[in-house]
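Peer 1: Please find model32.txt (compact mmCIF, C-alpha atoms and all ligand atoms) on the next line:
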```txt
# COMPACT_ATOMS: atom_id res chain seq x y z
CA MET A 1 108.92 -99.67 214.68
CA ARG A 2 108.20 -99.65 210.96
CA VAL A 3 104.70 -100.55 209.78
CA VAL A 4 103.28 -100.89 206.29
CA TRP A 5 99.64 -99.86 205.90
CA LEU A 6 97.50 -101.53 203.23
CA THR A 7 93.79 -101.22 202.56
CA ASP A 8 91.26 -102.66 200.11
CA ILE A 9 93.81 -104.84 198.38
CA HIS A 10 91.06 -107.09 196.91
CA LEU A 11 93.46 -109.97 196.28
CA ASP A 12 90.80 -111.94 194.41
CA CYS A 13 91.01 -109.31 191.62
CA VAL A 14 94.62 -110.12 190.71
CA ASN A 15 96.28 -113.31 189.48
CA GLU A 16 98.72 -115.45 191.44
CA SER A 17 101.90 -113.92 190.01
CA ALA A 18 100.66 -110.36 190.68
CA ARG A 19 99.80 -111.39 194.24
CA ALA A 20 103.25 -112.89 194.74
CA ALA A 21 104.89 -109.73 193.36
CA PHE A 22 102.80 -107.57 195.68
CA PHE A 23 103.72 -109.68 198.74
CA ASP A 24 107.40 -109.41 197.73
CA THR A 25 107.08 -105.60 197.54
CA ILE A 26 105.75 -105.56 201.09
CA ALA A 27 108.47 -107.91 202.35
CA ALA A 28 111.11 -105.70 200.69
CA GLN A 29 110.12 -102.91 203.09
CA ARG A 30 111.30 -105.17 205.93
CA PRO A 31 108.37 -104.09 208.13
CA ASP A 32 107.98 -104.94 211.81
CA GLY A 33 104.24 -105.19 211.21
CA VAL A 34 101.48 -104.68 208.65
CA PHE A 35 98.19 -102.82 209.15
CA LEU A 36 95.50 -104.14 206.82
CA THR A 37 92.15 -102.35 206.95
CA GLY A 38 89.82 -104.76 205.19
CA ASP A 39 88.51 -105.80 201.77
CA ILE A 40 91.33 -108.30 201.60
CA ALA A 41 89.58 -110.81 199.33
CA ILE A 42 86.21 -112.63 199.33
CA ALA A 43 85.07 -115.22 201.85
CA PRO A 44 86.15 -118.44 200.08
CA SER A 45 89.71 -117.20 199.40
CA LEU A 46 90.26 -114.95 202.42
CA LEU A 47 92.15 -117.30 204.72
CA PRO A 48 94.29 -118.94 202.00
CA HIS A 49 95.40 -115.48 200.82
CA LEU A 50 96.10 -114.28 204.36
CA ARG A 51 98.16 -117.39 205.13
CA THR A 52 100.20 -117.06 201.93
CA MET A 53 100.81 -113.39 202.64
CA ALA A 54 101.99 -114.16 206.17
CA ASP A 55 104.29 -116.92 204.87
CA VAL A 56 106.01 -114.46 202.55
CA ILE A 57 106.13 -111.40 204.81
CA GLN A 58 107.05 -113.22 208.04
CA THR A 59 105.83 -110.40 210.29
CA PRO A 60 102.61 -109.79 212.24
CA ILE A 61 99.66 -108.77 210.08
CA TYR A 62 97.14 -106.79 212.14
CA PHE A 63 93.87 -106.70 210.25
CA VAL A 64 90.15 -106.04 210.23
CA LEU A 65 87.64 -107.30 207.66
CA GLY A 66 85.70 -105.32 205.07
CA ASN A 67 82.33 -106.01 203.47
CA HIS A 68 83.93 -107.84 200.50
CA ASP A 69 85.58 -110.32 202.86
CA PHE A 70 82.11 -111.72 203.57
CA TYR A 71 81.02 -112.06 199.89
CA HIS A 72 79.75 -115.58 199.09
CA GLY A 73 79.71 -116.32 202.81
CA SER A 74 78.21 -115.13 206.07
CA ILE A 75 79.50 -112.50 208.48
CA ALA A 76 79.18 -114.86 211.45
CA ALA A 77 80.97 -117.78 209.78
CA VAL A 78 83.83 -115.71 208.33
CA ARG A 79 84.44 -113.86 211.60
CA ALA A 80 84.43 -117.17 213.50
CA ALA A 81 86.88 -118.84 211.09
CA VAL A 82 89.20 -115.83 211.06
CA SER A 83 89.12 -115.50 214.86
CA ASP A 84 89.94 -119.16 215.16
CA CYS A 85 92.90 -118.84 212.79
CA SER A 86 94.09 -115.67 214.54
CA ARG A 87 94.25 -117.51 217.88
CA SER A 88 96.69 -120.09 216.57
CA HIS A 89 98.62 -118.48 213.70
CA VAL A 90 102.02 -117.04 214.50
CA PHE A 91 101.56 -113.85 212.41
CA LEU A 92 97.84 -113.30 211.75
CA ARG A 93 96.14 -110.96 214.22
CA TYR A 94 92.42 -110.26 213.68
CA MET A 95 91.94 -107.13 215.77
CA PRO A 96 88.58 -107.89 217.44
CA GLU A 97 90.17 -111.13 218.62
CA ALA A 98 93.53 -109.58 219.55
CA GLY A 99 92.16 -106.79 221.81
CA VAL A 100 94.64 -104.11 222.92
CA VAL A 101 97.97 -104.79 221.19
CA PRO A 102 101.00 -102.90 222.57
CA LEU A 103 103.16 -101.83 219.60
CA THR A 104 105.79 -99.65 221.29
CA GLN A 105 106.24 -98.23 224.77
CA ASN A 106 103.89 -95.34 223.88
CA THR A 107 101.58 -96.78 221.27
CA ALA A 108 98.85 -99.40 221.28
CA LEU A 109 96.61 -100.76 218.56
CA VAL A 110 92.91 -101.68 218.63
CA GLY A 111 90.43 -102.31 215.85
CA HIS A 112 87.12 -103.57 214.56
CA ASP A 113 85.62 -104.09 211.10
CA GLY A 114 82.91 -101.43 211.50
CA TRP A 115 80.04 -101.30 209.01
CA GLY A 116 78.25 -98.72 206.87
CA ASP A 117 75.47 -98.23 209.40
CA GLY A 118 72.95 -96.20 207.41
CA ARG A 119 72.99 -93.28 209.85
CA TYR A 120 74.67 -90.49 207.86
CA GLY A 121 73.13 -89.27 204.63
CA ASP A 122 69.62 -90.23 203.53
CA TYR A 123 69.26 -93.99 203.72
CA MET A 124 65.56 -94.19 202.81
CA ARG A 125 65.93 -92.07 199.66
CA SER A 126 69.25 -93.47 198.51
CA PRO A 127 69.12 -95.40 195.21
CA VAL A 128 72.48 -97.05 196.06
CA ARG A 129 72.36 -100.85 196.12
CA LEU A 130 75.54 -102.67 197.05
CA ASN A 131 76.57 -106.22 196.18
CA ASP A 132 76.67 -106.65 199.96
CA HIS A 133 72.90 -107.01 199.86
CA ILE A 134 73.07 -109.90 197.38
CA LEU A 135 76.31 -111.66 198.32
CA ILE A 136 76.39 -111.62 202.14
CA GLU A 137 74.10 -114.14 203.76
CA GLU A 138 72.87 -111.96 206.64
CA LEU A 139 71.98 -109.04 204.33
CA THR A 140 70.05 -110.80 201.57
CA GLY A 141 66.31 -110.86 201.02
CA LEU A 142 65.52 -108.03 203.44
CA THR A 143 63.11 -105.14 203.06
CA GLN A 144 64.71 -101.69 203.05
CA ALA A 145 63.55 -101.13 206.64
CA LYS A 146 64.84 -104.51 207.87
CA LEU A 147 68.15 -103.96 206.12
CA GLN A 148 68.47 -100.59 207.86
CA ASP A 149 67.96 -102.29 211.22
CA ARG A 150 70.62 -104.86 210.38
CA LEU A 151 73.14 -102.23 209.24
CA ARG A 152 72.54 -100.32 212.47
CA ASP A 153 73.08 -103.47 214.50
CA LEU A 154 76.38 -104.11 212.74
CA GLY A 155 77.48 -100.53 213.42
CA ASN A 156 76.41 -100.85 217.05
CA GLU A 157 78.36 -104.07 217.42
CA ALA A 158 81.57 -102.35 216.28
CA ALA A 159 80.86 -99.32 218.47
CA GLY A 160 80.13 -101.51 221.50
CA TYR A 161 83.42 -103.31 221.06
CA LEU A 162 85.39 -100.05 220.86
CA GLN A 163 83.43 -98.51 223.73
CA GLU A 164 84.72 -101.33 225.89
CA THR A 165 88.22 -101.76 224.45
CA LEU A 166 89.39 -98.23 223.69
CA PRO A 167 89.43 -96.99 227.34
CA LYS A 168 91.69 -99.92 228.25
CA ALA A 169 94.18 -98.73 225.62
CA LEU A 170 93.87 -95.03 226.54
CA ASP A 171 94.47 -95.80 230.22
CA ARG A 172 97.87 -97.30 229.45
CA PHE A 173 99.09 -95.57 226.27
CA LYS A 174 99.37 -91.91 225.21
CA ARG A 175 98.99 -92.82 221.59
CA VAL A 176 96.41 -95.24 220.23
CA ILE A 177 95.86 -96.39 216.65
CA VAL A 178 92.47 -97.73 215.54
CA LEU A 179 92.09 -99.93 212.47
CA THR A 180 88.63 -100.11 210.93
CA HIS A 181 87.28 -100.68 207.44
CA VAL A 182 84.52 -98.10 207.16
CA PRO A 183 85.25 -94.37 207.65
CA PRO A 184 83.73 -93.44 211.02
CA PHE A 185 83.00 -89.80 210.14
CA LYS A 186 81.44 -87.99 207.17
CA GLU A 187 84.59 -85.89 206.97
CA ALA A 188 86.63 -89.06 206.40
CA CYS A 189 84.42 -90.44 203.62
CA TRP A 190 86.33 -89.02 200.67
CA TYR A 191 85.28 -89.09 197.05
CA GLN A 192 87.58 -87.26 194.61
CA GLY A 193 88.72 -84.82 197.28
CA GLN A 194 85.18 -84.09 198.50
CA VAL A 195 83.04 -85.62 201.23
CA GLY A 196 80.64 -88.30 199.95
CA ASN A 197 77.03 -87.27 199.24
CA ASP A 198 73.78 -88.21 201.00
CA GLU A 199 73.19 -91.16 198.67
CA TRP A 200 76.52 -92.84 199.44
CA LEU A 201 77.13 -91.78 203.05
CA PRO A 202 74.68 -94.33 204.56
CA PHE A 203 76.80 -97.19 203.20
CA PHE A 204 80.22 -95.57 203.50
CA THR A 205 80.32 -94.27 207.06
CA CYS A 206 79.97 -95.90 210.47
CA LYS A 207 78.51 -93.17 212.65
CA ALA A 208 78.18 -95.39 215.71
CA VAL A 209 81.96 -95.96 215.78
CA GLY A 210 82.70 -92.28 215.12
CA ASP A 211 80.49 -91.21 218.03
CA VAL A 212 82.42 -93.48 220.40
CA LEU A 213 85.81 -92.27 219.18
CA ARG A 214 84.89 -88.58 219.40
CA ASN A 215 83.31 -88.97 222.82
CA ARG A 216 86.30 -90.87 224.25
CA LEU A 217 88.95 -88.52 222.83
CA GLU A 218 87.14 -85.39 224.00
CA LYS A 219 87.55 -86.75 227.51
CA ARG A 220 91.23 -87.60 227.01
CA PRO A 221 93.00 -84.46 225.68
CA GLU A 222 96.35 -85.86 226.82
CA CYS A 223 95.99 -88.84 224.45
CA ARG A 224 96.19 -88.95 220.68
CA LEU A 225 94.24 -91.23 218.37
CA ASP A 226 94.91 -91.98 214.71
CA VAL A 227 92.38 -93.99 212.73
CA TYR A 228 93.31 -95.89 209.57
CA CYS A 229 90.42 -96.96 207.33
CA GLY A 230 89.48 -97.73 203.75
CA HIS A 231 86.26 -98.78 201.97
CA ALA A 232 85.88 -95.44 200.11
CA HIS A 233 88.85 -96.20 197.79
CA HIS A 234 89.60 -92.45 197.78
CA SER A 235 92.19 -90.97 200.07
CA GLY A 236 92.20 -88.07 202.48
CA THR A 237 93.01 -87.00 206.03
CA ALA A 238 90.27 -85.71 208.33
CA HIS A 239 91.07 -83.71 211.47
CA ILE A 240 88.12 -84.40 213.73
CA LEU A 241 89.55 -83.09 217.02
CA PRO A 242 93.01 -81.70 217.91
CA ASN A 243 93.84 -85.22 219.13
CA LEU A 244 91.82 -87.28 216.63
CA ARG A 245 92.77 -87.78 212.97
CA VAL A 246 91.44 -90.19 210.38
CA PHE A 247 93.44 -91.44 207.40
CA THR A 248 91.37 -92.94 204.59
CA GLY A 249 93.31 -94.97 202.04
CA GLU A 250 93.19 -94.97 198.27
CA ALA A 251 92.63 -98.25 196.42
CA HIS A 252 92.16 -99.57 192.89
CA TYR A 253 90.68 -102.96 191.98
CA GLY A 254 93.33 -105.13 190.37
CA ALA A 255 96.25 -102.96 191.54
CA PRO A 256 96.98 -103.54 195.23
CA GLN A 257 99.40 -100.99 196.67
CA ILE A 258 101.19 -99.90 199.82
CA ASN A 259 99.28 -96.95 201.24
CA ARG A 260 101.90 -95.72 203.66
CA VAL A 261 105.00 -96.72 205.61
CA ILE A 262 104.52 -95.58 209.20
CA GLU A 263 107.37 -95.09 211.67
CA LEU A 264 106.32 -95.43 215.32
CA ASP A 265 108.42 -94.61 218.36
FE FE B 301 87.16 -102.00 198.89
FE FE B 302 84.63 -102.02 201.50
```
Taking this structure as input, can you express it in the form of structure tokens?

Peer 2:
Amino acid sequence: MRVVWLTDIHLDCVNESARAAFFDTIAAQRPDGVFLTGDIAIAPSLLPHLRTMADVIQTPIYFVLGNHDFYHGSIAAVRAAVSDCSRSHVFLRYMPEAGVVPLTQNTALVGHDGWGDGRYGDYMRSPVRLNDHILIEELTGLTQAKLQDRLRDLGNEAAGYLQETLPKALDRFKRVIVLTHVPPFKEACWYQGQVGNDEWLPFFTCKAVGDVLRNRLEKRPECRLDVYCGHAHHSGTAHILPNLRVFTGEAHYGAPQINRVIELD
């Protein structure tokens, strides 16, 4: 099985002809599937772009959503609309809706958006302010303390989903792939070849998800887990455990790219 991995393609940052050319480049790889790890567009254009992409590529697109996908909308409404579409569309597969997806005889796929959950780094002293906190309905107009609670809740939601879903995949498959938007470990939050600092880590790592993954894989040495994520826009590979690796993908606004072609057996 041949899969193309894309992350942080921010399709709203390129014009229609550049989008069409990018979709053609993906189709030219003749993939059996696409992994797309979030920051696809912004809320108003997300589904139209996904549908156009699926029309051109004509292969299943397994995806999670990133923070930008909720801009000018709400997390609840976007997730509901995307889940609804995923239930009926022939090629679009939103991972929290799809559950455990068998890819090959040995490999299954699971995934959740994740969220920068404010747990790594120094949230209270960080001067970082993201557009998330202006452009996403659930995150606007909150005090710093209330926002921290909300970020934690979003991280917990992702972790709770994986806590329940991952064991079902590990029971049946030796190899599992997790798609998520936010790097789940400090070691996977790359910035120019280094790990992100205490000011950025709160918003660029999802500790709750990482804790679940580490805990589960420590108990399953016979299984192997690869995580694909984005959000940091800088690339790197983190070896968390002998059987747990995290690939973080590079991205540039206005220049969507293929991050990797993955061969699965
Ligand atoms: Fe991004
Ligand atoms: Fe992001």

Peer 1: Could you name the residues that touch Ala98 (chain A) at 10 Å or less, counting only C-alpha atoms, but leaving out those on the same chain fewer than 2 positions away, as an MDAnalysis selection string?

Peer 2: chainID A and resid 62:63 83 86:87 92:96 100:101 109:111

Peer 1: Using only C-alpha atoms and all ligand atoms, which protein or nucleic acid residues are at most 10 Å from ligand FE 302 (chain B), as a list in words?

Peer 2: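 What falls inside 10 Å of ligand FE 302 (chain B) is Thr7, Asp8, His10, Thr37, Gly38, Asp39, Ile40, Leu65, Gly66, Asn67, His68, Asp69, Asp113, Trp115, Gly116, Asp132, His181, Val182, Pro183, Phe203, Phe204, Cys229, Gly230, His231, Ala232 and His233 of chain A.
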
Peer 1: So which residues fall inside 7 Å of (79.3, -89.6, 206.2) if we count all atoms listed in the file? Mind giving them as an MDAnalysis selection string?

Peer 2: chainID A and resid 120:121 185:187 189 196 201:202 204:205

Peer 1: What is the distance between CA of Val212 (chain A) and CA of Tyr161 (chain A), in Å to one decimal?

Peer 2: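 Pair CA of Val212 (chain A) / CA of Tyr161 (chain A) returns 9.9 Å.
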
Peer 1: Could you check the closest approach to ligand FE 301 (chain B) for each of A:Gln163, A:Thr248, A:Thr107, A:Gln192 and tell me which residue wins, using only C-alpha atoms and all ligand atoms?

Peer 2: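 Nearest to ligand FE 301 (chain B): A:Thr248.
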
Peer 1: Neighbours of region 133-137 of chain A within 12 Å (all atoms listed in the file; same-chain residues fewer than 4 positions away dropped), as a ChimeraX atom specification?

Peer 2: /A:42-43,66-78,128-129,141-144,146-148,150-151,203

Peer 1: Would you please work out which residue, of A:Val4, A:Glu138, A:Pro221, A:Leu36, is nearest to ligand FE 301 (chain B) when using all atoms listed in the file?

Peer 2: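 Smallest separation from ligand FE 301 (chain B) among the options: A:Leu36.
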
Peer 1: Between A:Leu225, A:Ile9, A:Met1, A:Ile26, single out the one closest to ligand FE 301 (chain B), counting all atoms listed in the file.

Peer 2: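 Selected residue with least distance to ligand FE 301 (chain B): A:Ile9.
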
Peer 1: Restricting the calculation to only C-alpha atoms and all ligand atoms: of A:Asn197, A:Thr237, A:Asn131, A:Asn156, which residue gets closest to ligand FE 301 (chain B)?

Peer 2: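 Smallest distance to ligand FE 301 (chain B) is found for A:Asn131.
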
Peer 1: Nearest to Arg260 (chain A) among A:Trp200, A:Phe35, A:Phe22, A:Trp190, with distances taken over all atoms listed in the file: which residue is it?

Peer 2: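 For Arg260 (chain A), the nearest of the given residues is A:Phe35.
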
Peer 1: Could you jot down the CA of Gly254 (chain A) to CA of Ala18 (chain A) separation for me, Å, one decimal place?

Peer 2: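 Distance between the two atoms: 9.0 Å.
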
Peer 1: Residues near Gly160 (chain A), anyone? I mean within 12 Å using all atoms listed in the file, not counting same-chain ones fewer than 2 positions away, as an mmCIF file with C-alpha atoms, keeping the file's coordinate frame.

Peer 2:
```cif
data_model
loop_
_atom_site.group_PDB
_atom_site.id
_atom_site.type_symbol
_atom_site.label_atom_id
_atom_site.label_comp_id
_atom_site.auth_asym_id
_atom_site.auth_seq_id
_atom_site.Cartn_x
_atom_site.Cartn_y
_atom_site.Cartn_z
ATOM 1 C CA PRO A 96 88.580 -107.890 217.440
ATOM 2 C CA GLY A 111 90.430 -102.310 215.850
ATOM 3 C CA HIS A 112 87.120 -103.570 214.560
ATOM 4 C CA GLY A 114 82.910 -101.430 211.500
ATOM 5 C CA ARG A 152 72.540 -100.320 212.470
ATOM 6 C CA ASP A 153 73.080 -103.470 214.500
ATOM 7 C CA LEU A 154 76.380 -104.110 212.740
ATOM 8 C CA GLY A 155 77.480 -100.530 213.420
ATOM 9 C CA ASN A 156 76.410 -100.850 217.050
ATOM 10 C CA GLU A 157 78.360 -104.070 217.420
ATOM 11 C CA ALA A 158 81.570 -102.350 216.280
ATOM 12 C CA LEU A 162 85.390 -100.050 220.860
ATOM 13 C CA GLN A 163 83.430 -98.510 223.730
ATOM 14 C CA GLU A 164 84.720 -101.330 225.890
ATOM 15 C CA THR A 165 88.220 -101.760 224.450
ATOM 16 C CA LEU A 166 89.390 -98.230 223.690
ATOM 17 C CA PRO A 167 89.430 -96.990 227.340
ATOM 18 C CA ALA A 208 78.180 -95.390 215.710
ATOM 19 C CA VAL A 209 81.960 -95.960 215.780
ATOM 20 C CA GLY A 210 82.700 -92.280 215.120
ATOM 21 C CA ASP A 211 80.490 -91.210 218.030
ATOM 22 C CA VAL A 212 82.420 -93.480 220.400
ATOM 23 C CA LEU A 213 85.810 -92.270 219.180
#
```

Peer 1: Restricting the calculation to all atoms listed in the file: of A:Leu179, A:Ala21, A:Thr52, A:Ala41, which residue gets closest to ligand FE 301 (chain B)?

Peer 2: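 Residue with the minimum atom-to-atom distance to ligand FE 301 (chain B): A:Ala41.
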
Peer 1: Do you have the CA of Leu217 (chain A)-CA of Val246 (chain A) distance handy?

Peer 2: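 Computed distance, CA of Leu217 (chain A) to CA of Val246 (chain A), equals 12.8 Å.
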
Peer 1: Go ahead and fit an axis-aligned box to every listed atom of region 102-112 of chain A plus 8 Å each side, and pass me the centre and edge lengths in Å, one decimal, as JSON.

Peer 2:
```
{"center_x": 96.7, "center_y": -99.5, "center_z": 219.7, "size_x": 35.1, "size_y": 24.2, "size_z": 26.2}
```

Peer 1: N, CA and C atoms are what I want for region 52-68 of chain A; can you complete it accordingly and write them as a PDB file, in the coordinates of the input?

Peer 2:
```
ATOM      1  N   THR A  52      99.094-117.198 202.895  1.00  0.00           N
ATOM      2  CA  THR A  52     100.200-117.060 201.930  1.00  0.00           C
ATOM      3  C   THR A  52     100.951-115.757 202.181  1.00  0.00           C
ATOM      4  N   MET A  53     100.200-114.697 202.393  1.00  0.00           N
ATOM      5  CA  MET A  53     100.810-113.390 202.640  1.00  0.00           C
ATOM      6  C   MET A  53     101.708-113.434 203.879  1.00  0.00           C
ATOM      7  N   ALA A  54     101.206-114.057 204.933  1.00  0.00           N
ATOM      8  CA  ALA A  54     101.990-114.160 206.170  1.00  0.00           C
ATOM      9  C   ALA A  54     103.246-115.002 205.965  1.00  0.00           C
ATOM     10  N   ASP A  55     103.123-116.064 205.161  1.00  0.00           N
ATOM     11  CA  ASP A  55     104.290-116.920 204.870  1.00  0.00           C
ATOM     12  C   ASP A  55     105.397-116.134 204.191  1.00  0.00           C
ATOM     13  N   VAL A  56     105.008-115.230 203.289  1.00  0.00           N
ATOM     14  CA  VAL A  56     106.010-114.460 202.550  1.00  0.00           C
ATOM     15  C   VAL A  56     106.572-113.327 203.420  1.00  0.00           C
ATOM     16  N   ILE A  57     105.698-112.623 204.109  1.00  0.00           N
ATOM     17  CA  ILE A  57     106.130-111.400 204.810  1.00  0.00           C
ATOM     18  C   ILE A  57     106.818-111.704 206.144  1.00  0.00           C
ATOM     19  N   GLN A  58     106.391-112.786 206.797  1.00  0.00           N
ATOM     20  CA  GLN A  58     107.050-113.220 208.040  1.00  0.00           C
ATOM     21  C   GLN A  58     107.078-112.139 209.117  1.00  0.00           C
ATOM     22  N   THR A  59     105.949-111.429 209.256  1.00  0.00           N
ATOM     23  CA  THR A  59     105.830-110.400 210.290  1.00  0.00           C
ATOM     24  C   THR A  59     104.357-110.311 210.676  1.00  0.00           C
ATOM     25  N   PRO A  60     104.033-109.813 211.862  1.00  0.00           N
ATOM     26  CA  PRO A  60     102.610-109.790 212.240  1.00  0.00           C
ATOM     27  C   PRO A  60     101.759-108.939 211.296  1.00  0.00           C
ATOM     28  N   ILE A  61     100.636-109.489 210.909  1.00  0.00           N
ATOM     29  CA  ILE A  61      99.660-108.770 210.080  1.00  0.00           C
ATOM     30  C   ILE A  61      98.450-108.495 210.968  1.00  0.00           C
ATOM     31  N   TYR A  62      98.265-107.211 211.308  1.00  0.00           N
ATOM     32  CA  TYR A  62      97.140-106.790 212.140  1.00  0.00           C
ATOM     33  C   TYR A  62      96.038-106.354 211.195  1.00  0.00           C
ATOM     34  N   PHE A  63      94.871-106.995 211.273  1.00  0.00           N
ATOM     35  CA  PHE A  63      93.870-106.700 210.250  1.00  0.00           C
ATOM     36  C   PHE A  63      92.448-106.675 210.796  1.00  0.00           C
ATOM     37  N   VAL A  64      91.603-105.969 210.037  1.00  0.00           N
ATOM     38  CA  VAL A  64      90.150-106.040 210.230  1.00  0.00           C
ATOM     39  C   VAL A  64      89.566-106.480 208.890  1.00  0.00           C
ATOM     40  N   LEU A  65      88.287-106.819 208.882  1.00  0.00           N
ATOM     41  CA  LEU A  65      87.640-107.300 207.660  1.00  0.00           C
ATOM     42  C   LEU A  65      86.728-106.218 207.087  1.00  0.00           C
ATOM     43  N   GLY A  66      86.629-106.219 205.749  1.00  0.00           N
ATOM     44  CA  GLY A  66      85.700-105.320 205.070  1.00  0.00           C
ATOM     45  C   GLY A  66      84.524-106.088 204.518  1.00  0.00           C
ATOM     46  N   ASN A  67      83.541-105.375 203.987  1.00  0.00           N
ATOM     47  CA  ASN A  67      82.330-106.010 203.470  1.00  0.00           C
ATOM     48  C   ASN A  67      82.650-107.097 202.426  1.00  0.00           C
ATOM     49  N   HIS A  68      83.628-106.841 201.545  1.00  0.00           N
ATOM     50  CA  HIS A  68      83.930-107.840 200.500  1.00  0.00           C
ATOM     51  C   HIS A  68      84.437-109.159 201.080  1.00  0.00           C
TER      52      HIS A  68
END
```
